[in-house]
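K.L.:
The following file, data26.cif, comprises mmCIF, C-alpha atoms:
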```cif
data_run
#
loop_
_atom_site.label_atom_id
_atom_site.label_comp_id
_atom_site.auth_asym_id
_atom_site.auth_seq_id
_atom_site.Cartn_x
_atom_site.Cartn_y
_atom_site.Cartn_z
CA MET A 700 -56.07 51.84 24.49
CA SER A 701 -53.61 51.44 21.65
CA ALA A 702 -56.36 49.82 19.57
CA LEU A 703 -58.35 53.00 20.03
CA VAL A 704 -55.42 55.14 18.88
CA VAL A 705 -54.92 52.99 15.78
CA ASP A 706 -58.65 53.15 15.02
CA PHE A 707 -58.61 56.92 15.42
CA LEU A 708 -55.56 57.32 13.10
CA SER A 709 -57.11 54.98 10.58
CA TRP A 710 -60.30 57.06 10.47
CA ILE A 711 -58.33 60.27 10.02
CA LEU A 712 -56.51 58.71 7.05
CA LEU A 713 -59.74 57.34 5.56
CA LEU A 714 -61.51 60.69 5.88
CA ALA A 715 -58.53 62.60 4.46
CA GLY A 716 -58.35 60.16 1.52
CA THR A 717 -62.06 60.55 0.90
CA ALA A 718 -61.70 64.33 1.01
CA PHE A 719 -58.95 64.23 -1.65
CA ALA A 720 -60.96 61.81 -3.80
CA LEU A 721 -64.01 64.07 -3.53
CA THR A 722 -61.94 67.16 -4.38
CA GLY A 723 -60.54 65.32 -7.40
CA ALA A 724 -64.08 64.44 -8.52
CA ILE A 725 -65.17 68.07 -8.10
CA GLY A 726 -62.09 69.01 -10.15
CA ILE A 727 -63.09 66.65 -12.96
CA ILE A 728 -66.42 68.46 -13.17
CA ARG A 729 -65.18 72.03 -12.69
CA LEU A 730 -61.99 72.09 -14.76
CA PRO A 731 -62.36 73.44 -18.30
CA ASP A 732 -61.01 70.82 -20.72
CA VAL A 733 -59.91 67.20 -20.99
CA PHE A 734 -56.26 67.98 -20.27
CA ALA A 735 -57.02 70.05 -17.17
CA ARG A 736 -59.46 67.38 -15.95
CA MET A 737 -56.65 64.83 -15.97
CA HIS A 738 -55.08 66.72 -13.06
CA GLY A 739 -58.23 66.21 -11.00
CA ALA A 740 -58.25 62.52 -11.86
CA GLY A 741 -54.58 62.39 -10.90
CA MET A 742 -55.44 63.51 -7.37
CA ILE A 743 -57.90 60.65 -6.93
CA ASP A 744 -55.47 57.93 -7.90
CA THR A 745 -52.44 59.30 -6.07
CA LEU A 746 -53.11 60.79 -2.64
CA GLY A 747 -56.82 59.89 -2.50
CA ALA A 748 -56.17 56.20 -3.11
CA ALA A 749 -52.96 56.15 -1.04
CA LEU A 750 -54.58 57.62 2.10
CA ILE A 751 -57.61 55.33 1.85
CA LEU A 752 -55.31 52.30 1.43
CA LEU A 753 -53.20 53.40 4.42
CA GLY A 754 -56.32 53.80 6.53
CA LEU A 755 -57.50 50.34 5.53
CA MET A 756 -54.05 48.90 6.33
CA LEU A 757 -54.36 50.23 9.88
CA GLN A 758 -57.80 48.58 10.12
CA ALA A 759 -56.38 45.25 8.87
CA GLY A 760 -53.38 45.23 11.19
CA PRO A 761 -50.26 43.12 10.57
CA THR A 762 -51.93 40.50 8.33
CA LEU A 763 -51.74 39.35 4.73
CA VAL A 764 -54.59 41.74 3.95
CA THR A 765 -52.22 44.64 4.64
CA VAL A 766 -49.69 43.19 2.18
CA LYS A 767 -52.43 42.95 -0.46
CA LEU A 768 -53.49 46.54 0.16
CA LEU A 769 -49.84 47.61 -0.21
CA LEU A 770 -49.63 45.72 -3.52
CA ILE A 771 -52.79 47.46 -4.77
CA GLY A 772 -51.06 50.77 -4.03
CA VAL A 773 -47.87 49.71 -5.85
CA PHE A 774 -49.76 48.55 -8.95
CA LEU A 775 -51.90 51.70 -8.99
CA PHE A 776 -48.74 53.78 -8.74
CA PHE A 777 -47.25 52.17 -11.85
CA THR A 778 -50.39 51.84 -13.98
CA SER A 779 -52.19 55.15 -13.45
CA PRO A 780 -49.60 57.32 -15.28
CA ALA A 781 -49.72 54.88 -18.20
CA THR A 782 -53.49 55.23 -18.53
CA THR A 783 -53.27 59.02 -18.16
CA PHE A 784 -50.67 59.13 -20.91
CA ALA A 785 -52.81 56.93 -23.19
CA LEU A 786 -55.75 59.28 -22.60
CA ALA A 787 -53.63 62.37 -23.38
CA ARG A 788 -52.26 60.78 -26.54
CA ALA A 789 -55.72 59.77 -27.72
CA ALA A 790 -56.97 63.32 -27.11
CA LEU A 791 -54.05 64.82 -29.05
CA ALA A 792 -54.42 62.33 -31.89
CA ALA A 793 -58.13 63.18 -32.10
CA GLY A 794 -57.15 66.82 -32.64
CA ILE A 795 -58.30 68.21 -29.29
CA GLU A 796 -56.24 71.26 -28.39
CA PRO A 797 -55.55 72.06 -24.75
CA ALA A 798 -56.92 75.46 -23.72
CA VAL A 799 -53.79 77.42 -22.80
CA GLU A 800 -53.19 80.89 -21.50
CA ASP A 801 -49.76 81.23 -23.06
CA LYS A 802 -50.32 81.77 -26.78
CA THR A 803 -46.72 80.96 -27.74
CA ALA A 804 -47.44 77.35 -26.79
CA GLY A 805 -49.40 76.80 -30.03
CA GLY A 806 -46.34 75.44 -31.83
CA THR A 807 -45.57 72.99 -29.02
CA VAL A 808 -49.11 71.63 -29.02
CA ALA A 809 -49.21 71.30 -32.80
CA LYS A 810 -45.89 69.42 -32.79
CA ALA A 811 -47.00 67.07 -30.01
CA ALA A 812 -50.35 66.45 -31.73
CA GLU A 813 -48.58 65.73 -35.00
CA ALA A 814 -46.24 63.26 -33.27
CA ALA A 815 -49.17 61.54 -31.53
CA ALA A 816 -51.15 61.32 -34.76
CA ALA A 817 -48.12 59.98 -36.63
CA LYS A 818 -47.53 57.29 -34.00
CA GLU A 819 -51.21 56.39 -34.11
CA GLY A 820 -50.89 55.96 -37.88
CA ASP A 821 -47.80 53.75 -37.49
CA GLU A 822 -49.57 51.44 -35.10
CA ARG A 823 -52.66 51.10 -37.27
CA SER A 824 -50.76 50.29 -40.46
CA MET B 1286 -29.55 35.77 -16.14
CA PRO B 1287 -29.79 37.60 -12.77
CA HIS B 1288 -33.02 39.11 -14.11
CA ILE B 1289 -34.58 35.67 -14.47
CA PHE B 1290 -33.67 34.69 -10.91
CA SER B 1291 -35.01 37.93 -9.49
CA LEU B 1292 -38.20 37.57 -11.57
CA ILE B 1293 -38.67 34.05 -10.17
CA GLY B 1294 -38.15 35.43 -6.65
CA VAL B 1295 -40.58 38.31 -7.10
CA LEU B 1296 -43.28 36.14 -8.69
CA SER B 1297 -42.95 33.46 -6.00
CA ALA B 1298 -43.20 36.06 -3.24
CA LEU B 1299 -46.22 37.59 -4.97
CA TRP B 1300 -47.92 34.21 -5.31
CA LEU B 1301 -47.29 33.29 -1.67
CA LEU B 1302 -48.43 36.65 -0.30
CA LEU B 1303 -51.55 36.86 -2.47
CA SER B 1304 -52.64 33.25 -1.87
CA GLY B 1305 -51.63 32.92 1.78
CA HIS B 1306 -51.01 29.19 1.26
CA PHE B 1307 -47.68 28.28 2.85
CA HIS B 1308 -48.14 24.62 3.75
CA GLU B 1309 -50.35 22.73 1.25
CA PRO B 1310 -47.92 20.83 -1.05
CA LEU B 1311 -50.40 20.52 -3.94
CA LEU B 1312 -51.14 24.25 -4.02
CA LEU B 1313 -47.46 25.14 -3.65
CA ALA B 1314 -46.63 22.87 -6.58
CA LEU B 1315 -49.35 24.50 -8.69
CA GLY B 1316 -47.96 27.90 -7.70
CA ALA B 1317 -44.46 26.86 -8.72
CA ILE B 1318 -45.82 25.71 -12.09
CA SER B 1319 -47.58 29.06 -12.56
CA VAL B 1320 -44.37 30.93 -11.77
CA ALA B 1321 -42.38 28.76 -14.18
CA PHE B 1322 -44.97 29.28 -16.91
CA VAL B 1323 -45.00 33.07 -16.49
CA VAL B 1324 -41.18 33.21 -16.50
CA PHE B 1325 -41.17 31.06 -19.64
CA ILE B 1326 -43.63 33.38 -21.42
CA ALA B 1327 -41.75 36.49 -20.29
CA HIS B 1328 -38.50 34.95 -21.53
CA ARG B 1329 -40.08 34.11 -24.90
CA MET B 1330 -41.42 37.68 -25.17
CA ASP B 1331 -37.86 38.85 -24.48
CA VAL B 1332 -38.99 41.24 -21.72
CA VAL B 1333 -36.83 39.81 -18.91
CA ASP B 1334 -34.11 42.43 -19.15
CA HIS B 1335 -32.92 45.68 -17.58
CA GLU B 1336 -36.12 47.40 -18.82
CA GLY B 1337 -38.78 44.83 -17.99
CA HIS B 1338 -37.27 44.00 -14.64
CA PRO B 1339 -34.90 46.80 -13.62
CA ILE B 1340 -33.06 45.34 -10.64
CA GLN B 1341 -30.11 47.66 -11.34
CA LEU B 1342 -32.22 50.57 -10.06
CA SER B 1343 -33.44 48.99 -6.85
CA HIS B 1344 -30.95 50.40 -4.33
CA ARG B 1345 -31.07 53.94 -5.76
CA ALA B 1346 -34.87 53.81 -6.20
CA VAL B 1347 -35.13 53.37 -2.42
CA ARG B 1348 -33.95 56.96 -2.09
CA TYR B 1349 -35.95 58.35 -5.03
CA PHE B 1350 -39.41 57.03 -4.16
CA PRO B 1351 -39.78 58.66 -0.73
CA TRP B 1352 -38.80 61.99 -2.30
CA LEU B 1353 -41.32 61.44 -5.12
CA LEU B 1354 -44.07 60.51 -2.63
CA TRP B 1355 -43.48 63.72 -0.69
CA GLU B 1356 -43.59 65.75 -3.92
CA ILE B 1357 -46.90 64.05 -4.78
CA VAL B 1358 -48.34 64.95 -1.37
CA LYS B 1359 -47.33 68.62 -1.76
CA ALA B 1360 -48.64 68.80 -5.34
CA ASN B 1361 -51.96 67.23 -4.30
CA ILE B 1362 -52.46 69.92 -1.68
CA ASP B 1363 -51.64 72.65 -4.22
CA VAL B 1364 -54.09 71.28 -6.80
CA ALA B 1365 -56.80 70.78 -4.17
CA LYS B 1366 -56.42 74.45 -3.18
CA VAL B 1367 -56.82 75.50 -6.83
CA ILE B 1368 -59.90 73.34 -7.42
CA LEU B 1369 -61.69 74.38 -4.23
CA ARG B 1370 -61.37 78.14 -4.82
CA ARG B 1371 -64.59 79.83 -5.86
CA ARG B 1372 -62.81 81.26 -8.92
CA MET B 1373 -60.18 78.70 -9.87
CA PRO B 1374 -56.84 80.50 -10.40
CA LEU B 1375 -55.98 78.52 -13.52
CA SER B 1376 -53.32 79.34 -16.05
CA PRO B 1377 -53.01 76.12 -18.04
CA ARG B 1378 -49.95 75.90 -20.25
CA VAL B 1379 -48.14 73.45 -22.47
CA PHE B 1380 -44.37 73.46 -22.71
CA PRO B 1381 -41.55 71.19 -23.82
CA THR B 1382 -38.90 69.90 -21.43
CA GLN B 1383 -35.70 68.00 -22.19
CA GLY B 1384 -35.18 64.75 -20.28
CA MET B 1385 -31.59 64.35 -19.06
CA GLN B 1386 -31.89 60.57 -18.83
CA ARG B 1387 -29.74 58.39 -21.06
CA SER B 1388 -32.02 55.35 -21.33
CA GLU B 1389 -35.62 54.96 -22.43
CA LEU B 1390 -36.35 53.42 -19.04
CA GLY B 1391 -35.08 56.58 -17.28
CA LEU B 1392 -37.13 58.77 -19.61
CA THR B 1393 -40.22 56.68 -18.87
CA ILE B 1394 -39.67 57.00 -15.12
CA TYR B 1395 -39.30 60.78 -15.51
CA ALA B 1396 -42.42 61.11 -17.70
CA ASN B 1397 -44.45 58.95 -15.29
CA SER B 1398 -43.17 60.90 -12.27
CA ILE B 1399 -44.35 64.13 -13.89
CA THR B 1400 -47.78 62.59 -14.51
CA LEU B 1401 -48.03 61.18 -10.97
CA THR B 1402 -47.49 64.67 -9.57
CA PRO B 1403 -50.89 66.34 -9.84
CA GLY B 1404 -50.79 69.68 -11.63
CA THR B 1405 -48.47 68.40 -14.34
CA VAL B 1406 -49.12 65.70 -16.94
CA THR B 1407 -46.81 64.44 -19.69
CA ILE B 1408 -48.98 64.48 -22.80
CA ALA B 1409 -46.42 63.54 -25.46
CA VAL B 1410 -42.94 62.08 -25.75
CA ASP B 1411 -40.76 62.52 -28.81
CA GLY B 1412 -37.20 61.31 -28.39
CA GLU B 1413 -35.91 63.13 -25.31
CA THR B 1414 -38.45 65.94 -25.55
CA LEU B 1415 -41.40 65.61 -23.21
CA THR B 1416 -44.43 67.83 -23.76
CA VAL B 1417 -45.94 68.73 -20.40
CA HIS B 1418 -49.38 70.16 -19.63
CA ALA B 1419 -49.46 72.15 -16.40
CA LEU B 1420 -52.53 73.43 -14.58
CA THR B 1421 -50.89 76.53 -13.08
CA GLY B 1422 -47.75 78.58 -13.49
CA ALA B 1423 -46.43 77.29 -10.16
CA ALA B 1424 -46.81 73.67 -11.27
CA ALA B 1425 -44.99 74.44 -14.53
CA ALA B 1426 -42.19 76.22 -12.63
CA GLY B 1427 -41.79 73.09 -10.50
CA VAL B 1428 -40.98 71.02 -13.59
CA GLU B 1429 -38.77 73.73 -15.05
CA THR B 1430 -36.44 73.73 -12.05
CA ASP B 1431 -35.39 70.27 -13.37
CA GLU B 1432 -34.92 68.91 -9.86
CA MET B 1433 -37.00 65.81 -10.62
CA ASN B 1434 -35.18 65.52 -13.95
CA ARG B 1435 -31.78 65.46 -12.21
CA ARG B 1436 -32.93 62.99 -9.57
CA VAL B 1437 -34.28 60.55 -12.16
CA ALA B 1438 -31.07 60.91 -14.20
CA GLY B 1439 -29.20 60.13 -10.96
CA LEU B 1440 -31.15 56.86 -10.70
CA GLU B 1441 -29.41 55.54 -13.80
CA ALA B 1442 -25.85 56.50 -12.90
#
```
What would you get if you wrote out this structure as structure tokens?
P.N.:
Amino acid sequence: MSALVVDFLSWILLLAGTAFALTGAIGIIRLPDVFARMHGAGMIDTLGAALILLGLMLQAGPTLVTVKLLLIGVFLFFTSPATTFALARAALAAGIEPAVEDKTAGGTVAKAAEAAAAKEGDERS
Amino acid sequence: MPHIFSLIGVLSALWLLLSGHFHEPLLLALGAISVAFVVFIAHRMDVVDHEGHPIQLSHRAVRYFPWLLWEIVKANIDVAKVILRRRMPLSPRVFPTQGMQRSELGLTIYANSITLTPGTVTIAVDGETLTVHALTGAAAAGVETDEMNRRVAGLEA
């Protein structure tokens, strides 16, 4: 009986995680520019991945596999913002401007892009 | 020095849990050698310190991470709602925000926390000024309340 309950919960988590991952993927396609698309990607590697990992942990039960799944989650949690930041910096350094509604933001973007380009230059030299 | 001991502990636990070998003496010895080698390299690279291995944060981080996880869950639902609308109610914006953290480690945790929360991404860091890209006005307002900022600054205290 309890095995059935755990199985049921695990499937709910797996399906919910898949739904968030799918929504994130739809977001990557639908959103207008590279900076907005990063938010869609962010959904996949936060809640999408976390729910799928939780669902798999329930399938694995109290074994070493569960510990490994937990570690995958921890590493993903620490590495995904670093890759997102590297992507954003590369986009800024390449001169891509985020499409923004608020026109006063122009100065902020220009300053950030300048800083990113300057840092890029430092590292190359 | 305490950083080295805690690094040895964490690496040994990681090796044991990932390998699942608890009894074979040969494998355990090889694992111990691997741990020693990694600690030696990390020590030579001079990364075994309060930044590379921040044990000083551990007891306060226990309170911060559950809060962050809940924020991530809420933000995911908000962004999913935006993406799945037929006409996406987007108002992307870029704005600067001042980190209240005193150390570079604190600033990094704050910048990464912003990025982990869908709807807001840190796109540039210059000193204490973070440049944030937000998908909607609501997501931007969430950062501008500075609640996350204060909580991360509280981690360092």
K.L.:
For the PyMOL selection byres ((chain B and resi 1432-1442) around 10), applied here, can you spell out every residue it catches as a ChimeraX atom specification?
P.N.:
/B:1341-1349,1352-1353,1356,1382-1388,1390-1396,1398-1399,1427-1431
K.L.:
I need the residue nearest A:Ala735 from this list: A:Ala787, A:Ala792, A:Leu714, A:Leu757. Use only C-alpha atoms for the distance.
P.N.:
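Between A:Ala787, A:Ala792, A:Leu714, A:Leu757, the residue approaching A:Ala735 most closely is A:Ala787.
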K.L.:
Here is a test: counting only C-alpha atoms, which residue of B:His1418, B:Gly1337, B:Pro1403, B:Asp1331 is nearest to A:Thr745?
P.N.:
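Distance minimum relative to A:Thr745 lands on B:Pro1403.
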K.L.:
What's the 9 Å shell around A:Leu708, counting only C-alpha atoms, without same-chain residues fewer than 4 positions away, as a list in words?
P.N.:
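Surrounding residues, per the criterion: Leu703, Val704, Leu712, Leu713, Gly754 and Leu757 of chain A.
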K.L.:
Pick out the chain A residues within 6 Å of chain B. Count all atoms listed in the file. Give them as a PyMOL selection string.
P.N.:
chain A and resi 726+738+741-742+780+784+787+799-800+804+811
K.L.:
Name the residues in contact with B:Pro1287 at a cut-off of 12 Å, using all atoms listed in the file, excluding same-chain residues fewer than 2 positions from it; report them as a count of residues only.
P.N.:
13
K.L.:
Work out how far apart atom CA of A:Ile743 and atom CA of B:Asp1363 are and give it in Å to one decimal.
P.N.:
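Atom CA of A:Ile743 sits 13.8 Å away from atom CA of B:Asp1363.
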K.L.:
For the PyMOL selection byres ((chain A and resi 716) around 7), applied here, can you spell out every residue it catches as a PyMOL selection string?
P.N.:
chain A and resi 712-715+717-720+746-748+750-751
K.L.:
Select, from A:Met737, A:Leu763, A:Leu755, A:Val773, the residue with the minimum atom-to-atom distance to A:Ala724, counting all atoms listed in the file.
P.N.:
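Among A:Met737, A:Leu763, A:Leu755, A:Val773, it is A:Met737 that comes nearest to A:Ala724.
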K.L.:
Report the distance between atom CA of A:Gln758 and atom CA of B:Glu1309 in Å, rounded to one decimal place.
P.N.:
28.3 Å
K.L.:
Please compute the atom CA of A:Pro761-atom CA of A:Ser701 distance, one decimal, in Å.
P.N.:
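Distance reported for this atom pair: 14.3 Å.
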K.L.:
Written as a compact mmCIF listing (two decimals) with C-alpha atoms, in the frame of the given file, what is the full residue list that the PyMOL selection byres ((chain B and resi 1316) around 10) yields on the file shown?
P.N.:
```
# COMPACT_ATOMS: atom_id res chain seq x y z
CA LEU B 1296 -43.28 36.14 -8.69
CA SER B 1297 -42.95 33.46 -6.00
CA TRP B 1300 -47.92 34.21 -5.31
CA LEU B 1301 -47.29 33.29 -1.67
CA SER B 1304 -52.64 33.25 -1.87
CA HIS B 1306 -51.01 29.19 1.26
CA PRO B 1310 -47.92 20.83 -1.05
CA LEU B 1311 -50.40 20.52 -3.94
CA LEU B 1312 -51.14 24.25 -4.02
CA LEU B 1313 -47.46 25.14 -3.65
CA ALA B 1314 -46.63 22.87 -6.58
CA LEU B 1315 -49.35 24.50 -8.69
CA ALA B 1317 -44.46 26.86 -8.72
CA ILE B 1318 -45.82 25.71 -12.09
CA SER B 1319 -47.58 29.06 -12.56
CA VAL B 1320 -44.37 30.93 -11.77
CA ALA B 1321 -42.38 28.76 -14.18
CA PHE B 1322 -44.97 29.28 -16.91
```
